[in-house]
$ cat input17.txt   # compact mmCIF, C-alpha atoms and all ligand atoms
# COMPACT_ATOMS: atom_id res chain seq x y z
CA MET A 1 49.30 91.58 94.16
CA LEU A 2 50.19 91.90 97.83
CA THR A 3 52.71 89.03 97.74
CA THR A 4 54.90 90.81 95.18
CA ILE A 5 55.46 93.69 97.64
CA TYR A 6 57.41 91.38 99.92
CA MET A 7 59.52 89.79 97.21
CA ILE A 8 63.12 90.83 96.81
CA ASN A 9 63.63 92.30 93.35
CA ARG A 10 65.73 89.62 91.65
CA LYS A 11 66.54 91.95 88.80
CA ILE A 12 68.97 93.47 91.25
CA GLN A 13 72.47 92.04 91.27
CA THR A 14 74.40 92.21 94.53
CA LEU A 15 78.11 92.99 94.75
CA ASP A 16 78.89 89.33 95.52
CA GLU A 17 76.80 88.06 92.64
CA PHE A 18 78.40 90.52 90.28
CA THR A 19 82.00 89.70 91.24
CA ILE A 20 81.33 85.95 91.09
CA GLN A 21 79.67 86.36 87.70
CA GLN A 22 82.70 88.28 86.43
CA MET A 23 85.00 85.57 87.76
CA ARG A 24 83.15 82.86 85.83
CA ASP A 25 84.34 84.48 82.59
CA PHE A 26 87.88 83.49 83.61
CA PRO A 27 88.23 79.72 83.90
CA HIS A 28 91.46 79.98 85.95
CA ALA A 29 90.21 82.57 88.43
CA THR A 30 90.49 81.43 92.04
CA GLY A 31 87.81 83.70 93.47
CA GLU A 32 90.34 85.49 95.69
CA LEU A 33 89.59 88.92 94.23
CA ALA A 34 85.84 88.40 94.65
CA SER A 35 86.43 87.39 98.24
CA LEU A 36 88.69 90.39 98.87
CA LEU A 37 86.05 92.75 97.49
CA ARG A 38 83.42 91.08 99.65
CA ASP A 39 85.63 91.64 102.72
CA ILE A 40 86.09 95.32 101.85
CA GLY A 41 82.30 95.62 101.33
CA LEU A 42 81.71 94.04 104.73
CA ALA A 43 84.10 96.39 106.53
CA SER A 44 82.58 99.39 104.80
CA LYS A 45 79.07 98.39 105.89
CA ARG A 46 80.29 98.43 109.48
CA VAL A 47 81.95 101.80 108.94
CA ASN A 48 78.75 103.07 107.36
CA VAL A 49 76.77 102.22 110.50
CA GLU A 50 79.20 104.20 112.65
CA VAL A 51 79.41 107.12 110.18
CA ASN A 52 75.63 107.37 110.31
CA LYS A 53 75.82 107.71 114.10
CA ALA A 54 78.56 110.36 114.02
CA GLY A 55 76.17 113.12 115.11
CA LEU A 56 75.36 111.16 118.26
CA VAL A 57 78.93 111.19 119.53
CA ASP A 58 78.19 114.07 121.88
CA ILE A 59 75.31 112.11 123.37
CA LEU A 60 77.04 108.75 123.52
CA GLY A 61 80.47 110.14 124.47
CA ASP A 62 83.29 112.02 122.71
CA ALA A 63 85.82 110.14 120.65
CA GLY A 64 88.68 109.02 122.88
CA THR A 65 86.43 108.84 125.97
CA THR A 66 84.10 106.22 127.41
CA ASN A 67 80.45 106.25 126.33
CA VAL A 68 77.40 105.69 128.52
CA GLN A 69 77.58 101.93 127.96
CA GLY A 70 81.14 102.01 129.33
CA GLU A 71 82.61 101.28 125.87
CA ASP A 72 85.61 103.13 124.45
CA VAL A 73 84.52 105.58 121.78
CA LYS A 74 87.06 105.40 118.98
CA LYS A 75 87.74 108.14 116.51
CA LEU A 76 85.96 107.16 113.32
CA ASP A 77 89.10 107.06 111.20
CA VAL A 78 90.73 104.70 113.70
CA PHE A 79 87.54 102.64 113.80
CA ALA A 80 87.48 102.41 109.98
CA ASN A 81 91.14 101.41 109.91
CA ASN A 82 90.57 98.68 112.50
CA GLN A 83 87.55 97.31 110.64
CA LEU A 84 89.41 97.03 107.35
CA MET A 85 92.47 95.60 109.02
CA GLY A 86 90.34 93.10 110.94
CA VAL A 87 88.33 91.73 108.01
CA LEU A 88 91.34 91.53 105.72
CA ARG A 89 93.50 89.83 108.36
CA HIS A 90 90.82 87.21 109.04
CA GLY A 91 89.86 86.78 105.38
CA ILE A 92 91.81 84.42 103.15
CA SER A 93 92.59 86.69 100.22
CA CYS A 94 94.95 89.32 101.50
CA ALA A 95 98.61 88.81 102.38
CA GLY A 96 99.14 92.24 103.89
CA ILE A 97 97.99 95.84 104.03
CA GLY A 98 99.22 99.40 103.89
CA SER A 99 97.08 102.18 105.34
CA GLU A 100 97.19 105.93 105.56
CA GLU A 101 96.60 105.43 109.30
CA LEU A 102 99.64 103.17 109.79
CA ASP A 103 103.29 104.17 109.80
CA ASP A 104 104.37 100.96 108.09
CA PHE A 105 102.79 98.14 106.08
CA ILE A 106 101.60 94.99 107.87
CA ALA A 107 102.44 91.50 106.62
CA PHE A 108 99.75 89.26 108.09
CA ASP A 109 102.29 86.43 108.11
CA ASP A 110 100.16 83.39 108.86
CA PRO A 111 99.96 80.31 106.60
CA ALA A 112 96.68 81.31 104.90
CA SER A 113 97.66 84.95 104.36
CA ASN A 114 101.14 84.08 103.09
CA ASN A 115 99.46 81.96 100.43
CA SER A 116 97.27 84.85 99.27
CA LYS A 117 98.20 86.63 96.10
CA TYR A 118 96.96 90.15 96.86
CA VAL A 119 97.97 93.10 98.98
CA CYS A 120 95.62 95.96 99.72
CA LEU A 121 96.34 99.62 100.42
CA PHE A 122 93.66 101.94 101.76
CA ASP A 123 92.73 105.30 103.14
CA PRO A 124 90.17 104.10 105.70
CA LEU A 125 88.28 107.38 106.08
CA ASP A 126 89.18 110.13 103.68
CA GLY A 127 87.93 113.66 104.22
CA SER A 128 87.89 113.06 107.96
CA GLY A 129 87.77 116.84 108.56
CA ASN A 130 84.18 116.66 107.28
CA ILE A 131 82.91 114.02 109.75
CA ASP A 132 81.81 116.48 112.42
CA VAL A 133 79.75 118.53 110.01
CA ASN A 134 77.75 115.79 108.32
CA VAL A 135 79.43 116.12 104.92
CA SER A 136 80.19 113.12 102.69
CA ILE A 137 83.37 111.17 103.44
CA GLY A 138 84.76 107.96 102.01
CA THR A 139 87.02 104.92 102.05
CA ILE A 140 89.53 104.42 99.21
CA PHE A 141 91.24 101.13 98.34
CA SER A 142 93.83 99.80 95.93
CA ILE A 143 94.67 96.15 95.22
CA PHE A 144 97.91 94.78 93.78
CA ARG A 145 99.08 91.28 93.00
CA ARG A 146 102.12 90.64 95.19
CA VAL A 147 105.50 90.44 93.48
CA THR A 148 107.19 88.29 96.15
CA PRO A 149 106.59 84.52 96.06
CA LYS A 150 103.45 83.05 97.57
CA GLY A 151 104.07 81.18 100.80
CA THR A 152 106.34 83.90 102.23
CA PRO A 153 105.42 87.05 104.19
CA VAL A 154 104.90 90.11 101.96
CA THR A 155 107.59 92.81 101.92
CA LYS A 156 107.67 96.53 101.14
CA GLU A 157 108.37 95.71 97.50
CA ASP A 158 104.83 94.34 97.20
CA PHE A 159 103.42 97.74 98.18
CA LEU A 160 105.78 100.02 96.25
CA GLN A 161 104.47 99.14 92.80
CA PRO A 162 103.49 101.72 90.18
CA GLY A 163 99.72 102.27 89.99
CA ILE A 164 99.52 100.74 86.52
CA GLN A 165 100.01 97.36 88.21
CA GLN A 166 96.76 97.70 90.19
CA VAL A 167 94.43 94.77 89.71
CA ALA A 168 91.48 96.70 91.10
CA ALA A 169 90.77 99.94 92.92
CA GLY A 170 87.69 101.49 94.38
CA TYR A 171 86.04 103.68 96.93
CA VAL A 172 83.03 103.84 99.18
CA VAL A 173 81.26 107.16 99.51
CA TYR A 174 79.20 107.68 102.66
CA GLY A 175 76.85 110.29 101.26
CA SER A 176 73.13 110.82 100.77
CA SER A 177 73.28 107.13 99.97
CA THR A 178 76.24 104.85 100.50
CA MET A 179 77.92 103.61 97.33
CA LEU A 180 80.80 101.28 96.58
CA VAL A 181 82.43 101.87 93.20
CA TYR A 182 85.23 99.68 91.95
CA ALA A 183 87.25 99.30 88.80
CA THR A 184 89.11 96.42 87.25
CA ARG A 185 90.60 96.60 83.79
CA ARG A 186 87.22 95.42 82.50
CA GLY A 187 85.28 98.44 83.70
CA VAL A 188 83.99 100.60 86.52
CA ASN A 189 80.80 99.60 88.30
CA GLY A 190 78.88 101.25 91.13
CA PHE A 191 76.78 99.56 93.81
CA THR A 192 74.39 101.36 96.14
CA LEU A 193 73.86 100.04 99.64
CA ASP A 194 70.26 98.96 100.08
CA PRO A 195 69.85 99.39 103.85
CA SER A 196 66.69 97.24 103.89
CA ILE A 197 68.69 94.12 102.98
CA GLY A 198 72.20 95.29 103.90
CA GLU A 199 73.54 94.56 100.43
CA PHE A 200 75.40 96.63 97.87
CA SER A 201 73.33 96.33 94.69
CA LEU A 202 74.49 97.16 91.17
CA SER A 203 73.07 100.61 90.41
CA HIS A 204 75.65 102.20 88.09
CA PRO A 205 76.89 99.59 85.58
CA ASN A 206 79.83 100.39 83.32
CA ILE A 207 80.48 103.97 84.45
CA GLN A 208 82.06 106.16 81.79
CA CYS A 209 83.47 109.57 82.65
CA PRO A 210 82.04 112.09 80.14
CA GLU A 211 84.73 113.48 77.84
CA TYR A 212 83.79 117.03 78.84
CA GLY A 213 82.04 118.39 81.88
CA ARG A 214 81.50 121.83 83.33
CA ILE A 215 82.75 121.24 86.87
CA TYR A 216 86.17 122.19 88.20
CA SER A 217 87.09 121.32 91.76
CA ILE A 218 89.97 123.03 93.54
CA ASN A 219 90.58 124.64 96.92
CA TYR A 220 90.27 128.25 95.87
CA GLY A 221 91.68 129.45 99.18
CA ASN A 222 95.15 128.29 98.15
CA MET A 223 95.01 130.02 94.76
CA LEU A 224 97.94 132.36 95.32
CA GLN A 225 100.12 129.40 96.27
CA TYR A 226 99.48 127.40 93.09
CA PRO A 227 101.82 127.37 90.08
CA LYS A 228 101.10 130.25 87.71
CA GLN A 229 99.90 127.84 84.96
CA VAL A 230 97.23 126.46 87.31
CA GLN A 231 96.11 129.96 88.24
CA ASP A 232 95.77 130.77 84.52
CA TYR A 233 93.75 127.62 83.91
CA VAL A 234 91.40 128.44 86.79
CA ASP A 235 90.99 131.95 85.38
CA ALA A 236 89.92 130.33 82.13
CA CYS A 237 87.50 128.04 83.97
CA GLU A 238 85.96 131.15 85.52
CA GLY A 239 85.13 132.25 82.01
CA LYS A 240 87.78 134.91 81.56
CA ASP A 241 89.12 132.98 78.56
CA ARG A 242 85.94 131.02 77.84
CA LEU A 243 87.20 127.45 77.72
CA ASN A 244 84.97 125.19 75.66
CA GLY A 245 82.16 127.77 75.87
CA GLY A 246 82.75 128.42 79.66
CA PRO A 247 82.27 129.62 82.29
CA TYR A 248 82.45 126.37 84.13
CA THR A 249 81.00 125.79 87.55
CA GLN A 250 83.16 125.47 90.67
CA ARG A 251 82.37 122.71 93.19
CA TYR A 252 84.67 121.74 96.06
CA ILE A 253 83.51 119.61 98.95
CA GLY A 254 86.92 118.99 100.48
CA SER A 255 86.39 115.19 100.47
CA MET A 256 88.13 113.91 97.36
CA VAL A 257 85.93 110.80 97.29
CA ALA A 258 82.81 112.93 97.00
CA ASP A 259 84.38 115.47 94.64
CA LEU A 260 85.81 112.83 92.31
CA HIS A 261 82.68 110.66 92.47
CA ARG A 262 80.54 113.59 91.31
CA ASN A 263 83.00 114.51 88.56
CA LEU A 264 83.28 110.89 87.41
CA ILE A 265 79.52 110.70 86.92
CA LYS A 266 78.82 114.23 85.65
CA GLY A 267 82.13 115.07 83.99
CA GLY A 268 84.63 117.50 85.44
CA ILE A 269 88.15 118.00 86.67
CA PHE A 270 89.63 117.70 90.18
CA MET A 271 92.87 119.45 91.07
CA TYR A 272 95.09 119.34 94.12
CA PRO A 273 98.26 121.09 92.88
CA THR A 274 101.55 121.59 94.68
CA THR A 275 101.55 124.71 96.85
CA LYS A 276 104.33 126.80 98.34
CA ASP A 277 103.54 125.17 101.73
CA LYS A 278 103.29 121.66 100.28
CA PRO A 279 105.77 121.54 97.40
CA LYS A 280 105.18 117.80 96.92
CA GLY A 281 101.38 118.12 97.08
CA LYS A 282 99.05 117.05 99.87
CA LEU A 283 97.45 113.83 98.68
CA ARG A 284 99.08 110.44 99.12
CA LEU A 285 100.17 108.65 95.98
CA LEU A 286 99.46 105.13 97.23
CA TYR A 287 96.26 105.62 99.20
CA GLU A 288 94.53 108.40 97.27
CA CYS A 289 96.04 109.27 93.87
CA ASN A 290 96.75 105.78 92.47
CA PRO A 291 93.32 104.28 93.13
CA PHE A 292 91.51 107.30 91.71
CA ALA A 293 93.84 107.52 88.72
CA PHE A 294 93.08 103.86 87.93
CA ILE A 295 89.30 104.31 88.27
CA ILE A 296 89.27 107.51 86.21
CA GLU A 297 91.43 106.00 83.45
CA VAL A 298 89.35 102.83 83.20
CA ALA A 299 86.29 105.12 82.91
CA GLY A 300 87.94 106.94 79.99
CA GLY A 301 89.44 109.95 81.81
CA LYS A 302 93.01 111.00 82.60
CA ALA A 303 95.06 111.55 85.77
CA THR A 304 98.49 113.19 86.11
CA ASN A 305 100.67 114.92 88.67
CA GLY A 306 101.03 117.82 86.23
CA LYS A 307 104.14 116.32 84.65
CA GLU A 308 103.53 112.62 84.30
CA ARG A 309 100.77 110.07 84.36
CA ILE A 310 100.02 109.11 87.98
CA LEU A 311 99.90 105.40 87.13
CA ASP A 312 103.47 105.46 85.76
CA ILE A 313 105.08 106.87 88.91
CA GLN A 314 107.41 104.42 90.66
CA PRO A 315 106.77 105.01 94.38
CA THR A 316 109.73 105.17 96.72
CA GLU A 317 107.89 105.62 100.03
CA LEU A 318 104.62 104.32 101.44
CA HIS A 319 103.39 107.78 102.42
CA GLN A 320 104.67 109.60 99.35
CA ARG A 321 102.75 112.76 98.43
CA SER A 322 101.78 113.87 94.97
CA ALA A 323 99.95 116.62 93.15
CA LEU A 324 96.82 115.31 91.45
CA TYR A 325 94.90 116.46 88.40
CA ALA A 326 92.19 114.02 87.34
CA GLY A 327 88.97 113.93 85.40
CA SER A 328 87.34 114.16 82.01
CA LYS A 329 89.76 113.58 79.16
CA GLY A 330 88.87 116.74 77.22
CA MET A 331 89.17 118.95 80.30
CA MET A 332 92.47 117.32 81.26
CA GLU A 333 93.83 118.08 77.80
CA GLU A 334 92.74 121.71 78.19
CA LEU A 335 94.54 121.84 81.52
CA GLU A 336 97.67 120.24 80.05
CA SER A 337 97.81 122.93 77.37
CA TYR A 338 98.22 125.41 80.25
CA LEU A 339 100.62 123.26 82.30
CA ASN A 340 102.88 122.82 79.28
CA LYS A 341 103.36 126.59 78.95
CA VAL A 342 106.66 127.70 80.48
P1 LIG B 401 92.68 113.44 104.69
O1 LIG B 401 93.18 112.13 104.14
O2 LIG B 401 93.47 113.91 105.87
O3 LIG B 401 91.21 113.43 104.94
O4 LIG B 401 93.01 114.56 103.56
C1 LIG B 401 92.64 114.35 102.24
C2 LIG B 401 91.54 115.32 101.88
C3 LIG B 401 90.88 115.04 100.56
O5 LIG B 401 89.74 114.24 100.71
C4 LIG B 401 90.49 116.41 100.11
O6 LIG B 401 90.36 116.49 98.72
C5 LIG B 401 91.60 117.26 100.63
O7 LIG B 401 92.16 116.58 101.73
C6 LIG B 401 91.12 118.59 101.11
O8 LIG B 401 92.21 119.34 101.52
P2 LIG B 401 92.12 120.92 101.65
O9 LIG B 401 91.27 121.18 102.87
O10 LIG B 401 93.54 121.35 101.84
O11 LIG B 401 91.50 121.47 100.40
MG MG B 402 92.91 110.82 102.93

$ encode --input "input17.txt" --output "structure tokens"
Amino acid sequence: MLTTIYMINRKIQTLDEFTIQQMRDFPHATGELASLLRDIGLASKRVNVEVNKAGLVDILGDAGTTNVQGEDVKKLDVFANNQLMGVLRHGISCAGIGSEELDDFIAFDDPASNNSKYVCLFDPLDGSGNIDVNVSIGTIFSIFRRVTPKGTPVTKEDFLQPGIQQVAAGYVVYGSSTMLVYATRRGVNGFTLDPSIGEFSLSHPNIQCPEYGRIYSINYGNMLQYPKQVQDYVDACEGKDRLNGGPYTQRYIGSMVADLHRNLIKGGIFMYPTTKDKPKGKLRLLYECNPFAFIIEVAGGKATNGKERILDIQPTELHQRSALYAGSKGMMEELESYLNKV
């Protein structure tokens, strides 16, 4: 019947509906986490609109210049940072933020924010080197319960918590479709943005990372700089030693959100080892490694820095770097058998 064509499919559950539903299972929940996730969803929808227009920058004006409407054209990563900062500052659920784009954390320090129980850390636009060439990029976020008392401004201590203390973590991938995926201890769920109604709708409930996959993701160009054990493992992935019936298949986008999203769904392993140039690794523990380690572990996978579990690392600096190995449990165990060789 014609009328049904115009009806919104009520079998679909929006991000807000889902988070509120989850909250109802906890009689003492205040709704702050649901509201924080809604704020992040809102900011990412705004970022999505701008990301989709990235190819028009040359027509509308280069980043850092003035466009034809006389408006300042901001670099997209700065834009994304400002959007997240703006919604979280004006929301009521976040006491302060840390961002890959900011030198230091920000305590919002107003009466409503000081009474919030969460802090949020994010990489506003990860894989920014891929923006100009129309390749998937993403936003990554990590949420902790503050350790300092409510009613006071947050301090660095609230941000320097080991990843195991995360209450939730997630990412948005701006790809062939835009998806928000987030994890709490209860599970990992994925929501696809339906542009016709501007809502994230539950499309990937209860994501589990397959125990084995065939994909390995690593920047092959740095191969000679990696530890010998990693080189040997990659040789085995190539089929020289036939791991688990190899050869595996190599996929590396250079946007960890896209690489890890694919591996989470299909099964696989993502590696960013230490190199001779970057002896501490390239990726940031707080903005990149921790949130993905949490998501991957909740989905049944594993994440380490090659020596210890990412989620157990006690951070000492906001912008601390780390090596990262993350993915399917079985593949991670194969890798560890190489890393443990001296
Ligand atoms: P960014 O935060 O400056 O965008 O850097 C992080 C990105 C990751 O998304 C990606 O996995 C990695 O850097 C790619 O680095 P490389 O080009 O060295 O392989
Ligand atoms: Mg990044």

$ residues_around --input "input17.txt" --residues "Pro205 in chain A" --least-positions-apart "3" --cutoff "12 Å" --atoms "only C-alpha atoms" --output "ChimeraX atom specification"
/A:12-15,18,180-183,186-192,201-202,208,265,299

$ residues_around --input "input17.txt" --residues "Ala95 in chain A" --least-positions-apart "3" --cutoff "10 Å" --atoms "all atoms listed in the file" --output "list of chain:residue names"
A:Leu88, A:Arg89, A:Gly91, A:Ile92, A:Ile106, A:Ala107, A:Phe108, A:Asp109, A:Asp110, A:Pro111, A:Ala112, A:Ser113, A:Asn114, A:Asn115, A:Ser116, A:Lys117, A:Tyr118, A:Val119, A:Cys120, A:Arg145, A:Arg146, A:Lys150, A:Gly151, A:Thr152, A:Pro153, A:Val154, A:Thr155, A:Asp158

$ closest_atom_pairs --input "input17.txt" --of "chain A" --to "ligand MG 402 (chain B)" --cutoff "12 Å" --atoms "only C-alpha atoms and all ligand atoms" --output "tab-separated table"
residue	atom	partner	partner_atom	distance
A:Asp77	CA	B:MG402	MG	9.9
A:Asn81	CA	B:MG402	MG	11.8
A:Ser99	CA	B:MG402	MG	9.9
A:Glu100	CA	B:MG402	MG	7.0
A:Glu101	CA	B:MG402	MG	9.1
A:Leu121	CA	B:MG402	MG	12.0
A:Phe122	CA	B:MG402	MG	9.0
A:Asp123	CA	B:MG402	MG	5.5
A:Pro124	CA	B:MG402	MG	7.8
A:Leu125	CA	B:MG402	MG	6.6
A:Asp126	CA	B:MG402	MG	3.9
A:Gly127	CA	B:MG402	MG	5.9
A:Ser128	CA	B:MG402	MG	7.5
A:Gly129	CA	B:MG402	MG	9.7
A:Asn130	CA	B:MG402	MG	11.4
A:Ile137	CA	B:MG402	MG	9.6
A:Gly138	CA	B:MG402	MG	8.7
A:Thr139	CA	B:MG402	MG	8.4
A:Ile140	CA	B:MG402	MG	8.1
A:Phe141	CA	B:MG402	MG	10.9
A:Tyr171	CA	B:MG402	MG	11.6
A:Gly254	CA	B:MG402	MG	10.4
A:Ser255	CA	B:MG402	MG	8.2
A:Met256	CA	B:MG402	MG	8.0
A:Val257	CA	B:MG402	MG	9.0
A:Ala258	CA	B:MG402	MG	11.9
A:Lys282	CA	B:MG402	MG	9.3
A:Leu283	CA	B:MG402	MG	6.9
A:Arg284	CA	B:MG402	MG	7.3
A:Leu285	CA	B:MG402	MG	10.3
A:Leu286	CA	B:MG402	MG	10.4
A:Tyr287	CA	B:MG402	MG	7.2
A:Glu288	CA	B:MG402	MG	6.4
A:Cys289	CA	B:MG402	MG	9.7
A:Pro291	CA	B:MG402	MG	11.8
A:Phe292	CA	B:MG402	MG	11.8
A:His319	CA	B:MG402	MG	10.9
A:Arg321	CA	B:MG402	MG	11.0

$ closest_residue --input "input17.txt" --among "A:Gly41, A:Pro315, A:Gly55, A:Pro27" --to "Val173 in chain A" --atoms "all atoms listed in the file"
A:Gly41

$ atom_distance --input "input17.txt" --atom1 "CA of Ser142 in chain A" --atom2 "CA of Ala168 in chain A"
6.2 Å

$ residues_around --input "input17.txt" --residues "range 238-251 of chain A" --least-positions-apart "6" --cutoff "7 Å" --atoms "only C-alpha atoms" --output "VMD selection string"
chain A and resid 214 to 217

$ closest_residue --input "input17.txt" --among "A:Val135, A:Ile164, A:Val342, A:Val234" --to "ligand LIG 401 (chain B)" --atoms "all atoms listed in the file"
A:Val135

$ closest_residue --input "input17.txt" --among "A:Val78, A:Val49, A:Leu160, A:Val133" --to "Leu318 in chain A" --atoms "all atoms listed in the file"
A:Leu160

$ atom_distance --input "input17.txt" --atom1 "CA of Lys341 in chain A" --atom2 "CA of Leu311 in chain A"
23.0 Å

$ atom_distance --input "input17.txt" --atom1 "atom O3 of ligand LIG 401 (chain B)" --atom2 "CA of Ala169 in chain A"
18.1 Å

$ closest_residue --input "input17.txt" --among "A:Pro149, A:Ser136, A:Glu334, A:Cys237" --to "ligand LIG 401 (chain B)" --atoms "all atoms listed in the file"
A:Ser136

$ residues_around --input "input17.txt" --residues "Met23 in chain A" --least-positions-apart "3" --cutoff "12 Å" --atoms "all atoms listed in the file" --output "PDB file with C-alpha atoms, in the coordinates of the input"
ATOM      1  CA  ASP A  16      78.890  89.330  95.520  1.00  0.00           C
ATOM      2  CA  GLU A  17      76.800  88.060  92.640  1.00  0.00           C
ATOM      3  CA  PHE A  18      78.400  90.520  90.280  1.00  0.00           C
ATOM      4  CA  THR A  19      82.000  89.700  91.240  1.00  0.00           C
ATOM      5  CA  ILE A  20      81.330  85.950  91.090  1.00  0.00           C
ATOM      6  CA  PHE A  26      87.880  83.490  83.610  1.00  0.00           C
ATOM      7  CA  PRO A  27      88.230  79.720  83.900  1.00  0.00           C
ATOM      8  CA  HIS A  28      91.460  79.980  85.950  1.00  0.00           C
ATOM      9  CA  ALA A  29      90.210  82.570  88.430  1.00  0.00           C
ATOM     10  CA  THR A  30      90.490  81.430  92.040  1.00  0.00           C
ATOM     11  CA  GLY A  31      87.810  83.700  93.470  1.00  0.00           C
ATOM     12  CA  GLU A  32      90.340  85.490  95.690  1.00  0.00           C
ATOM     13  CA  LEU A  33      89.590  88.920  94.230  1.00  0.00           C
ATOM     14  CA  ALA A  34      85.840  88.400  94.650  1.00  0.00           C
ATOM     15  CA  SER A  35      86.430  87.390  98.240  1.00  0.00           C
ATOM     16  CA  THR A 184      89.110  96.420  87.250  1.00  0.00           C
ATOM     17  CA  ARG A 186      87.220  95.420  82.500  1.00  0.00           C
TER      18      ARG A 186
END

$ closest_residue --input "input17.txt" --among "A:Ala326, A:Leu224, A:Met179, A:Ile295" --to "Asp277 in chain A" --atoms "only C-alpha atoms"
A:Leu224

$ closest_residue --input "input17.txt" --among "A:Asn340, A:Val172, A:Gln166, A:Gln21" --to "Asn48 in chain A" --atoms "only C-alpha atoms"
A:Val172

$ residues_near_point --input "input17.txt" --point "(99.8, 123.7, 90.2)" --cutoff "7 Å" --atoms "all atoms listed in the file" --output "PyMOL selection string"
chain A and resi 226-227+229-230+273-275

$ build_atoms --input "input17.txt" --residues "range 93-105 of chain A" --atoms "N, CA and C atoms" --output "CSV table (one decimal), keeping the file's coordinate frame"
chain,number,residue,atom,x,y,z
A,93,SER,N,92.2,86.2,101.5
A,93,SER,CA,92.6,86.7,100.2
A,93,SER,C,93.6,87.8,100.3
A,94,CYS,N,94.1,88.2,101.4
A,94,CYS,CA,95.0,89.3,101.5
A,94,CYS,C,96.2,89.0,102.3
A,95,ALA,N,97.4,89.2,101.7
A,95,ALA,CA,98.6,88.8,102.4
A,95,ALA,C,99.1,89.9,103.3
A,96,GLY,N,98.7,91.1,103.1
A,96,GLY,CA,99.1,92.2,103.9
A,96,GLY,C,98.5,93.5,103.5
A,97,ILE,N,98.6,94.6,104.3
A,97,ILE,CA,98.0,95.8,104.0
A,97,ILE,C,98.9,97.0,104.3
A,98,GLY,N,98.6,98.1,103.6
A,98,GLY,CA,99.2,99.4,103.9
A,98,GLY,C,98.1,100.4,104.1
A,99,SER,N,98.2,101.3,105.0
A,99,SER,CA,97.1,102.2,105.3
A,99,SER,C,97.6,103.6,105.6
A,100,GLU,N,96.8,104.6,105.2
A,100,GLU,CA,97.2,105.9,105.6
A,100,GLU,C,97.3,106.1,107.1
A,101,GLU,N,96.6,105.3,107.8
A,101,GLU,CA,96.6,105.4,109.3
A,101,GLU,C,97.8,104.7,110.0
A,102,LEU,N,98.6,104.0,109.2
A,102,LEU,CA,99.6,103.2,109.8
A,102,LEU,C,101.0,103.7,109.3
A,103,ASP,N,102.0,103.7,110.2
A,103,ASP,CA,103.3,104.2,109.8
A,103,ASP,C,103.9,103.2,108.8
A,104,ASP,N,103.7,101.9,109.0
A,104,ASP,CA,104.4,101.0,108.1
A,104,ASP,C,103.3,100.0,107.6
A,105,PHE,N,103.7,99.2,106.6
A,105,PHE,CA,102.8,98.1,106.1
A,105,PHE,C,102.7,97.0,107.1
